[in-house]
Each structure stands twice: as structure tokens, then as C-alpha cells.
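Everything on this sheet refers to the single structure shown next.
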Amino acid sequence: MNIPNLLSALRIVLIPLFLYLLFVPSFSSRIWALVVFAFASLTDLVDGWSARKLNQETSFGKFLDPLADKFLVIAALVAFVILDPLVSLWMVFVIFGRDLMITLMRYLAIKKGEELRTSQFGKIKTAFQMISIIVIIMVFIVRSSGIDVASPFIDKSHIDIVSACDVWQSGHPNRLLIIGPYVLMMIVTVLTALSGVRYLFTNWRLLLPPYVKRDQDGR
């Protein structure tokens with residue numbers, strides 16, 4: 001356990017604290033939830049930088065770092081589904097399914113002694129994902145101040161693109177606070193799905209046997 005791996009592990013340790021603060025329906029508690037999430041996200045940048053700077057890159061670290069990110073993101077998204085009935089559970093399933101597939105492919109890459117081919121698009125997706133989560137938490141913070149986010153255009157058990165457009169066109173003074181989390185989650189879900197397809201297209205050979213490292217003769 002070197003410094004970069006400890007930072008990755010710290011992100012996982014911070015998840016229960018983040019969730020506790022987020023579920024307390026008070027302005028100050030959700031401010032602290034935002035601070036904890038932002039700090040946890042920052043450790044993602046620091047552990048990657050320190051691993052390269054200190055020459056402490058390890059196979060375990062390459063597996064733990066993205067896994068910690070996925071735990072943090074999925075925990076936040078599940079919390080959003082519970083806290084905002086307009087956020088659909090199927091979005092979380094799509095994101096979780098993609099992350100599960102990438103985790104499996106990363107494990108196979110380590111077993112085979114190969115590198116998982118990444119892309120700039122995947123990094124853009126991750127950055128947008130983190131920013132979106134921070135913005136959604138900020139929406140919850142504003143809602144905690146008592147602002148009205150009720151809308152006659154939405155059945156609280158369901159929302160889709162049509163009803164979201166209805167809210168936007170209604171001129172409701174707080175329409176961004178009503179549909180903001182749903183719209184951001186929709187964009188994140190689409191980007192995540194596209195990123196998963198790209199990973200599958202560029203790394204599909206990892207899913208083929210053998211599932212162990214080849215010797216010098218290619219066997």
C-alpha cells in the first residue's frame with residue numbers, strides 16, 4: 001500500500017460519510033456532502049499524479065484507482081435516485097453495467113499482462129460525470145433552502161423528455177431546479193453508454209481466451 005493506493009482507498013472510505021451527509025435534509029449538511037465529494041474527486045487527480053511522480057505505479061493501483069471512482073460515482077447516483085423521484089433507476093443500471101464491463105476487462109487485461117486501451121472520450125466522460133454530480137448536489141443544496149420545485153407538468157413517479165420540455169416551456173421560475181438533475185443524468189447516461197461501446201470496440205480481444213499471460217512463444 002503506497003501513497004497513491006492509500007488515496008484510492010481513502011475515496012472508498014469517504015463514501016459512507018458522503019452518503020450520510022447527503023441524506024440529512026439540511027442546508028449545512030449537504031454543503032459538507034459537496035465538500036466531501038469534491039475532496040474525494042480531488043484525490044483521484046492526486047493519486048494518479050503521485051503514482052507517476054513517485055514512480056509507484058502498480059498493477060493493484062491500476063485496478064483500485066478506477067474501481068474507487070466507480071464506487072464513488074455509483075453511490076452518488078443511487079442516492080440521487082432515492083432523493084429525487086424524477087431521476088430514473090434505469091440510468092443507474094446503464095452506468096453500472098458499463099462500469100462492471102470495464103472492470104471485468106481491466107481485470108482480464110491484468111491477468112493477460114496486457115494494457116486496457118483507453119481513449120480521450122473516456123476521460124471526457126469521467127470529467128463530465130464528476131462535474132454533473134457536483135452540480136446535482138448543488139441543486140439539492142438550493143432545494144434544502146425551501147425553494148418550491150413542485151411542477152403540475154410532471155407526475156412525480158415518472159419523467160421523460162416530453163415532460164421535461166413541458167416544464168422548460170412552462171416558464172416555471174424554478175424549472176432548472178426541477179428538471180436539472182434529470183437532464184444531467186440523461187446526458188451522463190448517454191455519454192457513459194457511448195464510452196462503453198467504444199471500450200468494447202477497442203478491447204474486445206480481451207474477452208477471448210486464454211485468460212492468462214502468454215509466454216514468449218505466444219502460448
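Naming works like this for the C-alpha cells: A, B, ... for the chains as they're shown, residue 1 at the start of each chain, ligands 1 onward in shown order.
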> Please, which residues of segment 113-189 of chain A, numbered as in this document, come out alpha helix (DSSP H) from DSSP, as a count of residues only?
Replying inline: 50
Contact table segment 159-199 of chain A vs segment 203-213 of chain A, cut-off 10 Å, shortest pair per residue, only C-alpha atoms, as a Markdown table:
| residue | atom | partner | partner_atom | distance |
| --- | --- | --- | --- | --- |
| A:Val197 | CA | A:Asn203 | CA | 10.0 |
| A:Arg198 | CA | A:Asn203 | CA | 8.5 |
| A:Tyr199 | CA | A:Asn203 | CA | 5.9 |
Saved selection, atoms kept: C-alpha atoms, as an mmCIF file, in the first residue's frame:
data_model
loop_
_atom_site.group_PDB
_atom_site.id
_atom_site.type_symbol
_atom_site.label_atom_id
_atom_site.label_comp_id
_atom_site.auth_asym_id
_atom_site.auth_seq_id
_atom_site.Cartn_x
_atom_site.Cartn_y
_atom_site.Cartn_z
ATOM 1 C CA VAL A 197 -19.360 0.819 -26.688
ATOM 2 C CA ARG A 198 -16.022 2.405 -27.589
ATOM 3 C CA TYR A 199 -14.178 0.426 -24.901
#
> Smallest atom-to-atom distance to Ala68 of chain A: which of A:Ile3, A:Ile15, A:Ile136, A:Ala193, using only C-alpha atoms?
Replying inline: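 Counting only C-alpha atoms, the residue closest to Ala68 of chain A is A:Ile15.
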Sorted by chain and rising residue number, which residues of segment 140-204 of chain A lie within 8 Å of segment 121-135 of chain A, and what are their closest atom pairs and distances in Å to one decimal, counting only C-alpha atoms, as a tab-separated table?
residue	atom	partner	partner_atom	distance
A:Leu184	CA	A:Ser132	CA	6.1
A:Met185	CA	A:Ser132	CA	7.6
A:Val188	CA	A:Gln129	CA	5.9
A:Leu191	CA	A:Lys125	CA	6.0
A:Thr192	CA	A:Lys125	CA	6.5
A:Ser195	CA	A:Gly122	CA	5.7
>> One number please: atom CA of Asn174 of chain A to atom CA of Asp148 of chain A, in Å, one decimal.
In response: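 If I compute the distance from atom CA of Asn174 of chain A to atom CA of Asp148 of chain A, I get 7.2 Å.
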> Given the choices A:Phe140, A:Gly196, A:Phe27, A:Val46, which gets closest to Phe80 of chain A if the distance is worked out from only C-alpha atoms?
Replying inline: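 Distance minimum relative to Phe80 of chain A lands on A:Phe140.
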> In Å, how far is it from atom CA of Ala150 of chain A to atom CA of Val183 of chain A?
Replying inline: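 Separation of atom CA of Ala150 of chain A and atom CA of Val183 of chain A: 16.5 Å.
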>> Using only C-alpha atoms for the distances, tell me which of A:Tyr20, A:Ser8, A:Pro66, A:Ala76 is nearest to Asp47 of chain A.
In response: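 Nearest to Asp47 of chain A: A:Ser8.
Interatomic distance, atom CA of Lys70 of chain A to atom CA of Ser144 of chain A: 26.9 Å.
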>> List the spatial neighbours of segment 38-40 of chain A as JSON, numbers by chain - criterion: any atom at most 9 Å away, only C-alpha atoms, same-chain residues fewer than 4 positions off excluded.
In response: {"A": [7, 8, 10, 11, 12, 14, 15, 33, 34, 44, 69, 72, 130, 134]}
Just-selected residues, C-alpha atoms written as a PDB file, in the first residue's frame:
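Ended up saving to part04.pdb:
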ATOM      1  CA  LEU A   7      -5.518   7.829  -1.668  1.00  0.00           C
ATOM      2  CA  SER A   8      -7.633   5.494  -3.800  1.00  0.00           C
ATOM      3  CA  LEU A  10      -9.492   6.869   1.029  1.00  0.00           C
ATOM      4  CA  ARG A  11     -12.075   7.583  -1.676  1.00  0.00           C
ATOM      5  CA  ILE A  12     -13.860   4.362  -0.795  1.00  0.00           C
ATOM      6  CA  LEU A  14     -15.243   8.549   2.385  1.00  0.00           C
ATOM      7  CA  ILE A  15     -18.334   7.122   0.638  1.00  0.00           C
ATOM      8  CA  ALA A  33     -21.575  16.476   1.395  1.00  0.00           C
ATOM      9  CA  LEU A  34     -20.448  18.609  -1.538  1.00  0.00           C
ATOM     10  CA  ASP A  44      -8.438  10.910  -7.960  1.00  0.00           C
ATOM     11  CA  ASP A  69     -14.027   6.064  -8.816  1.00  0.00           C
ATOM     12  CA  LEU A  72     -17.974   6.775  -5.508  1.00  0.00           C
ATOM     13  CA  MET A 130     -17.923  14.249 -11.790  1.00  0.00           C
ATOM     14  CA  ILE A 134     -21.290  18.208  -8.154  1.00  0.00           C
TER      15      ILE A 134
END
> Quick one: of A:Val94, A:Ser59, A:Asp99, A:Leu77, who's nearest to Val190 of chain A, counting only C-alpha atoms?
Replying inline: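 So, comparing all the options, the nearest one is A:Val94.
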>> Nearest residue to Val87 of chain A out of A:Thr189, A:Thr58, A:Ser119, A:Asn5, using only C-alpha atoms?
In response: A:Thr189
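Counting only C-alpha atoms, Leu116 of chain A has the following residues at most 10 Å away, ignoring those fewer than 4 positions along the same chain: Ile102, Met105, Arg106, Tyr107, Leu108, Ala109, Ile110, Tyr199, Thr202, Asn203 and Leu206 of chain A.
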Keeping C-alpha atoms, export the residues of the selection given above as a PDB file, in the first residue's frame.
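Final output, part-v4.pdb:
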ATOM      1  CA  ILE A 102     -14.922  -2.145 -17.930  1.00  0.00           C
ATOM      2  CA  MET A 105     -11.993  -6.066 -18.997  1.00  0.00           C
ATOM      3  CA  ARG A 106      -9.413  -4.332 -16.795  1.00  0.00           C
ATOM      4  CA  TYR A 107      -9.113  -7.490 -14.664  1.00  0.00           C
ATOM      5  CA  LEU A 108      -8.643  -9.621 -17.784  1.00  0.00           C
ATOM      6  CA  ALA A 109      -6.019  -7.199 -19.074  1.00  0.00           C
ATOM      7  CA  ILE A 110      -4.050  -7.590 -15.828  1.00  0.00           C
ATOM      8  CA  TYR A 199     -14.178   0.426 -24.901  1.00  0.00           C
ATOM      9  CA  THR A 202     -11.214  -1.292 -28.996  1.00  0.00           C
ATOM     10  CA  ASN A 203     -10.664  -4.026 -26.356  1.00  0.00           C
ATOM     11  CA  LEU A 206      -9.542  -9.200 -24.007  1.00  0.00           C
TER      12      LEU A 206
END
